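K.L.:
Quick one: the structure is below, questions incoming.
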Amino acid sequence: MVAPLASAPLTVAQWEALCRRCGRCCYEKLLYRGRVYYTDRACPQLDPVSRRCRVYESRRQRQPDCAVLDEALVAQGFLPVDCPYVVRQFGPDPVAGGYPAPVVADQTRPVRPGRSARSGRRRGQGPAGR
């Protein structure tokens, strides 16, 4: 894998301003055999019409498995290639820049459960440390 592009650190406000509010990061993803697969299962806090989190300011308290969207998580391949966070970190052609692009699950073939991108733990497990 190619190393992510070097870039100046952003303030929290600058980082948040990158988001287009598409809501795609709020859909559960599965890690299976080294590939990330999107599912059609959204976080219960995602408003399907506005595609915004209903509890954004308190999302980590209200939805404990909400992942912290930072550069480390971006680098793991959980976001779509056209996401501004991905483009910022990997350049205008993220896949050529080494980004492991996720796969939209084929609805005709079942995807076996793996790790949830939202929680970072295997489906069916309780909260970490409990």
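As shown in the structure tokens, the chain order sets the letters A, B, ...; within each chain, residues go from 1, and ligands are also counted from 1 in the order they appear.
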Could you pull out all residues of region 8-94 of chain A with a DSSP call of alpha helix (DSSP H) and give them as a list in words?

P.N.:
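After running DSSP on the backbone, region 8-94 of chain A has alpha helix (DSSP H) at Val12, Ala13, Gln14, Trp15, Glu16, Ala17, Arg59, Arg60, Gln61, Arg62, Glu71, Ala72, Leu73, Val74, Ala75, Pro84, Tyr85, Val86, Val87, Arg88, Gln89 and Phe90 of chain A.
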
K.L.:
Find the spatial neighbours of Pro80 (chain A), counting only C-alpha atoms, within a cut-off of 9 Å - ignore same-chain residues fewer than 3 positions away - and output them as number ranges by chain.

P.N.:
A: 24-25, 77, 83, 86, 101-103

K.L.:
Considering only C-alpha atoms, return as a list of chain:residue names whatever protein or nucleic-acid residues lie within 7 Å of region 39-51 of chain A, sequence-local ones (same chain, fewer than 5 positions apart) excluded.

P.N.:
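Here the answer would be A:Arg21, A:Cys22, A:Gly23, A:Cys26, A:Tyr27, A:Glu28, A:Lys29, A:Ala105.
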
K.L.:
Would you mind exporting all heavy atoms of the selected residues as a PDB file, in the first residue's frame?

P.N.:
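Writing the result to part_15.pdb gives the following:
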```
ATOM      1  N   ARG A  21     -21.886  15.786   4.062  1.00  0.00           N
ATOM      2  CA  ARG A  21     -23.120  15.332   4.705  1.00  0.00           C
ATOM      3  C   ARG A  21     -23.905  14.379   3.806  1.00  0.00           C
ATOM      4  O   ARG A  21     -25.111  14.471   3.684  1.00  0.00           O
ATOM      5  CB  ARG A  21     -24.003  16.508   5.117  1.00  0.00           C
ATOM      6  CG  ARG A  21     -23.340  17.589   5.935  1.00  0.00           C
ATOM      7  CD  ARG A  21     -22.981  17.100   7.325  1.00  0.00           C
ATOM      8  NE  ARG A  21     -22.504  18.176   8.162  1.00  0.00           N
ATOM      9  CZ  ARG A  21     -21.231  18.358   8.497  1.00  0.00           C
ATOM     10  NH1 ARG A  21     -20.319  17.551   8.047  1.00  0.00           N
ATOM     11  NH2 ARG A  21     -20.883  19.328   9.286  1.00  0.00           N
ATOM     12  N   CYS A  22     -23.190  13.446   3.184  1.00  0.00           N
ATOM     13  CA  CYS A  22     -23.864  12.463   2.320  1.00  0.00           C
ATOM     14  C   CYS A  22     -24.460  11.316   3.135  1.00  0.00           C
ATOM     15  O   CYS A  22     -25.358  10.635   2.682  1.00  0.00           O
ATOM     16  CB  CYS A  22     -22.898  11.921   1.273  1.00  0.00           C
ATOM     17  SG  CYS A  22     -21.597  10.855   1.941  1.00  0.00           S
ATOM     18  N   GLY A  23     -23.946  11.071   4.336  1.00  0.00           N
ATOM     19  CA  GLY A  23     -24.468  10.029   5.202  1.00  0.00           C
ATOM     20  C   GLY A  23     -23.929   8.642   4.931  1.00  0.00           C
ATOM     21  O   GLY A  23     -24.250   7.696   5.646  1.00  0.00           O
ATOM     22  N   CYS A  26     -22.345   6.567   7.642  1.00  0.00           N
ATOM     23  CA  CYS A  26     -23.240   6.113   8.701  1.00  0.00           C
ATOM     24  C   CYS A  26     -23.899   4.768   8.402  1.00  0.00           C
ATOM     25  O   CYS A  26     -24.738   4.313   9.174  1.00  0.00           O
ATOM     26  CB  CYS A  26     -24.313   7.168   8.961  1.00  0.00           C
ATOM     27  SG  CYS A  26     -23.626   8.731   9.551  1.00  0.00           S
ATOM     28  N   TYR A  27     -23.536   4.148   7.297  1.00  0.00           N
ATOM     29  CA  TYR A  27     -24.037   2.817   6.980  1.00  0.00           C
ATOM     30  C   TYR A  27     -23.049   1.788   7.479  1.00  0.00           C
ATOM     31  O   TYR A  27     -21.836   1.988   7.389  1.00  0.00           O
ATOM     32  CB  TYR A  27     -24.270   2.658   5.476  1.00  0.00           C
ATOM     33  CG  TYR A  27     -25.555   3.288   5.052  1.00  0.00           C
ATOM     34  CD1 TYR A  27     -25.637   4.660   4.841  1.00  0.00           C
ATOM     35  CD2 TYR A  27     -26.707   2.536   4.919  1.00  0.00           C
ATOM     36  CE1 TYR A  27     -26.830   5.258   4.489  1.00  0.00           C
ATOM     37  CE2 TYR A  27     -27.910   3.125   4.557  1.00  0.00           C
ATOM     38  CZ  TYR A  27     -27.957   4.490   4.348  1.00  0.00           C
ATOM     39  OH  TYR A  27     -29.146   5.066   4.008  1.00  0.00           O
ATOM     40  N   GLU A  28     -23.559   0.703   8.026  1.00  0.00           N
ATOM     41  CA  GLU A  28     -22.694  -0.340   8.537  1.00  0.00           C
ATOM     42  C   GLU A  28     -21.908  -0.963   7.387  1.00  0.00           C
ATOM     43  O   GLU A  28     -22.410  -1.145   6.290  1.00  0.00           O
ATOM     44  CB  GLU A  28     -23.505  -1.417   9.245  1.00  0.00           C
ATOM     45  CG  GLU A  28     -22.624  -2.411   9.955  1.00  0.00           C
ATOM     46  CD  GLU A  28     -23.373  -3.266  10.935  1.00  0.00           C
ATOM     47  OE1 GLU A  28     -24.406  -2.829  11.462  1.00  0.00           O
ATOM     48  OE2 GLU A  28     -22.902  -4.381  11.167  1.00  0.00           O
ATOM     49  N   LYS A  29     -20.668  -1.243   7.690  1.00  0.00           N
ATOM     50  CA  LYS A  29     -19.783  -1.871   6.726  1.00  0.00           C
ATOM     51  C   LYS A  29     -19.211  -3.130   7.347  1.00  0.00           C
ATOM     52  O   LYS A  29     -19.080  -3.217   8.562  1.00  0.00           O
ATOM     53  CB  LYS A  29     -18.661  -0.910   6.337  1.00  0.00           C
ATOM     54  CG  LYS A  29     -19.155   0.330   5.635  1.00  0.00           C
ATOM     55  CD  LYS A  29     -18.341   1.521   6.075  1.00  0.00           C
ATOM     56  CE  LYS A  29     -19.016   2.813   5.755  1.00  0.00           C
ATOM     57  NZ  LYS A  29     -19.947   3.235   6.774  1.00  0.00           N
ATOM     58  N   ALA A 105     -21.940  -4.073  -1.513  1.00  0.00           N
ATOM     59  CA  ALA A 105     -22.308  -5.492  -1.491  1.00  0.00           C
ATOM     60  C   ALA A 105     -23.288  -5.816  -2.605  1.00  0.00           C
ATOM     61  O   ALA A 105     -24.254  -5.100  -2.818  1.00  0.00           O
ATOM     62  CB  ALA A 105     -22.905  -5.858  -0.143  1.00  0.00           C
TER      63      ALA A 105
END
```

K.L.:
Check the smallest atom-to-atom distance from each of A:Gly98, A:Pro84, A:Pro64, A:Gly34 to Cys19 (chain A) using only C-alpha atoms, then report the winner.

P.N.:
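Ranking A:Gly98, A:Pro84, A:Pro64, A:Gly34 by distance to Cys19 (chain A), first place goes to A:Pro84.
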
K.L.:
Would you compute the distance between CA of Asp82 (chain A) and CA of Val36 (chain A)? Give it in Å to one decimal.

P.N.:
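Between these atoms lies a distance of 15.5 Å.
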
K.L.:
What is the distance between CA of Gly97 (chain A) and CA of Tyr37 (chain A), in Å to one decimal?

P.N.:
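Interatomic distance here is 20.0 Å.
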
K.L.:
Using only C-alpha atoms, which residue out of A:Val81, A:Val68, A:Val87, A:Leu18 lies closest to Pro100 (chain A)?

P.N.:
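Answer, going by the shortest atom-to-atom distance: A:Val81.
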
K.L.:
Of the residues A:Leu69, A:Cys53, A:Gln76, A:Tyr38, which is the one nearest to Val12 (chain A), using only C-alpha atoms?

P.N.:
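Going through A:Leu69, A:Cys53, A:Gln76, A:Tyr38 one by one, the smallest distance to Val12 (chain A) is for A:Leu69.
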